[in-house]
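Written out below as structure tokens is the structure these notes cover.
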Amino acid sequence: MPMQNSPYSAFAALLASSGQSVSPAELHGLLLGRSCAGAGFEAEPWLVDAGDLLGGAPQDGVRQALIGLQEMVKTELTGTDMAVVLLLPADEAPLAERAAALGQWCQGFLGGFGLTARDAALSAEAMEVLQDLAAIAQVQSALEESEDGESDYMEVMEYLRVAPLLLYTECAKPLAAAPKPSLH
């Protein structure tokens, strides 16, 4: 079955095998949220935050997967693609399952962002993105198995692939790199 090969199901299986009930979507959201808020891309602080969600320091396999995830997110956020890949169940999964994961992703993102951003003043645009995410986290359970439900899901997913970048650009992106030697 092709579904087993999705990064999501592989990660879900890994988490389950180490006794974790946390959704990969929530972890990925947490990671992106904190990254977009300016947490940087060091592995250790990320493992600490992930450990808080997991209820303990991640063990080997999970630890490696989390570090890999961090690398992937770093590449996406600092690259030129202008879209991130969401860690969500494969398209073949039931809509309800995908919608729930989408909601968990949003919750994770808001948690990670809030954890890191503290009280940074955000633009109206950024506030709107966060409000959208909060709304999405609420409504995911309302998506019906239907054509409309599918297209709503796809629309939300497309939005989530781009929206975090706005926050990253505003909160975390280093300004144009200054030449290295400085006068301080």
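Each chain of the structure tokens is named A, B, ... in the order shown, its residues numbered from 1; ligands are numbered from 1 in display order.
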
Practice problem: Would you mind writing down, as a PyMOL selection string, each residue of stretch 53-168 of chain A that DSSP on the backbone assigns to helix (DSSP H, G or I)? | Solution: chain A and resi 53-54+60-78+95-117+124-142+147-168

Quiz prompt | Polymer residues at most 7 Å from stretch 154-170 of chain A, only C-alpha atoms, same-chain spacing of 4 or more positions, as an MDAnalysis selection string | solution = chainID A and resid 36:37 77 82:86 126 129 150

Self-check item: Residues near A:Leu31, cut-off 8 Å, only C-alpha atoms, skip fewer than 4 positions along chain, as number ranges by chain
Solution: A: 27, 35, 46, 50, 70, 73, 108-109, 112

May I have the residues within 12 Å of stretch 22-26 of chain A as an mmCIF file with C-alpha atoms, in the first residue's frame, using only C-alpha atoms and disregarding those fewer than 6 positions away in the same chain?
data_model
loop_
_atom_site.group_PDB
_atom_site.id
_atom_site.type_symbol
_atom_site.label_atom_id
_atom_site.label_comp_id
_atom_site.auth_asym_id
_atom_site.auth_seq_id
_atom_site.Cartn_x
_atom_site.Cartn_y
_atom_site.Cartn_z
ATOM 1 C CA SER A 6 4.206 8.753 3.236
ATOM 2 C CA PRO A 7 6.552 10.657 5.542
ATOM 3 C CA TYR A 8 3.534 11.274 7.748
ATOM 4 C CA SER A 9 2.684 7.624 8.289
ATOM 5 C CA ALA A 10 6.337 6.727 8.731
ATOM 6 C CA PHE A 11 6.678 9.395 11.400
ATOM 7 C CA ALA A 12 3.366 8.403 12.992
ATOM 8 C CA ALA A 13 4.556 4.792 13.180
ATOM 9 C CA LEU A 14 7.854 5.890 14.682
ATOM 10 C CA LEU A 15 6.097 7.983 17.330
ATOM 11 C CA ALA A 16 3.652 5.182 18.100
ATOM 12 C CA LEU A 32 7.319 25.606 11.874
ATOM 13 C CA GLY A 33 5.617 27.896 14.342
ATOM 14 C CA ALA A 50 9.483 18.916 21.082
ATOM 15 C CA GLY A 51 10.228 17.087 24.327
ATOM 16 C CA ASP A 52 7.748 19.320 26.119
ATOM 17 C CA LEU A 53 5.057 18.282 23.664
ATOM 18 C CA LEU A 54 6.141 14.652 23.807
ATOM 19 C CA GLY A 55 6.298 14.648 27.579
ATOM 20 C CA GLY A 56 9.974 13.764 27.720
ATOM 21 C CA PRO A 58 12.827 12.186 22.452
ATOM 22 C CA VAL A 62 12.363 10.040 17.170
ATOM 23 C CA ALA A 65 13.497 12.185 12.817
ATOM 24 C CA LEU A 66 12.995 15.483 14.644
ATOM 25 C CA LEU A 69 12.453 17.552 10.191
ATOM 26 C CA VAL A 85 5.534 20.971 2.685
ATOM 27 C CA LEU A 86 3.039 20.142 5.401
ATOM 28 C CA LEU A 87 3.495 16.910 7.270
ATOM 29 C CA LEU A 88 -0.041 15.574 6.849
ATOM 30 C CA PRO A 89 -1.660 12.225 6.099
ATOM 31 C CA ALA A 90 -1.538 11.107 2.478
ATOM 32 C CA GLU A 97 -8.349 12.123 9.388
ATOM 33 C CA ARG A 98 -6.613 14.669 7.176
ATOM 34 C CA ALA A 99 -8.780 17.489 8.475
ATOM 35 C CA ALA A 100 -8.045 16.522 12.072
ATOM 36 C CA ALA A 101 -4.316 16.500 11.307
ATOM 37 C CA LEU A 102 -4.673 19.915 9.696
ATOM 38 C CA GLY A 103 -6.236 21.195 12.890
ATOM 39 C CA GLN A 104 -3.467 19.633 14.985
ATOM 40 C CA TRP A 105 -0.901 21.210 12.699
ATOM 41 C CA CYS A 106 -2.467 24.634 13.260
ATOM 42 C CA GLN A 107 -2.563 24.094 17.015
ATOM 43 C CA GLY A 108 1.068 23.062 16.988
ATOM 44 C CA PHE A 109 1.996 26.051 14.887
ATOM 45 C CA LEU A 110 0.184 28.501 17.141
ATOM 46 C CA GLY A 111 1.766 26.885 20.186
ATOM 47 C CA GLY A 112 5.248 27.014 18.714
ATOM 48 C CA ALA A 137 -7.697 24.665 14.181
#

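Candidate residues A:Gly29, A:Thr75, A:Glu44, A:Thr116 were compared for distance to A:Leu133, and the nearest is A:Gly29, using only C-alpha atoms.
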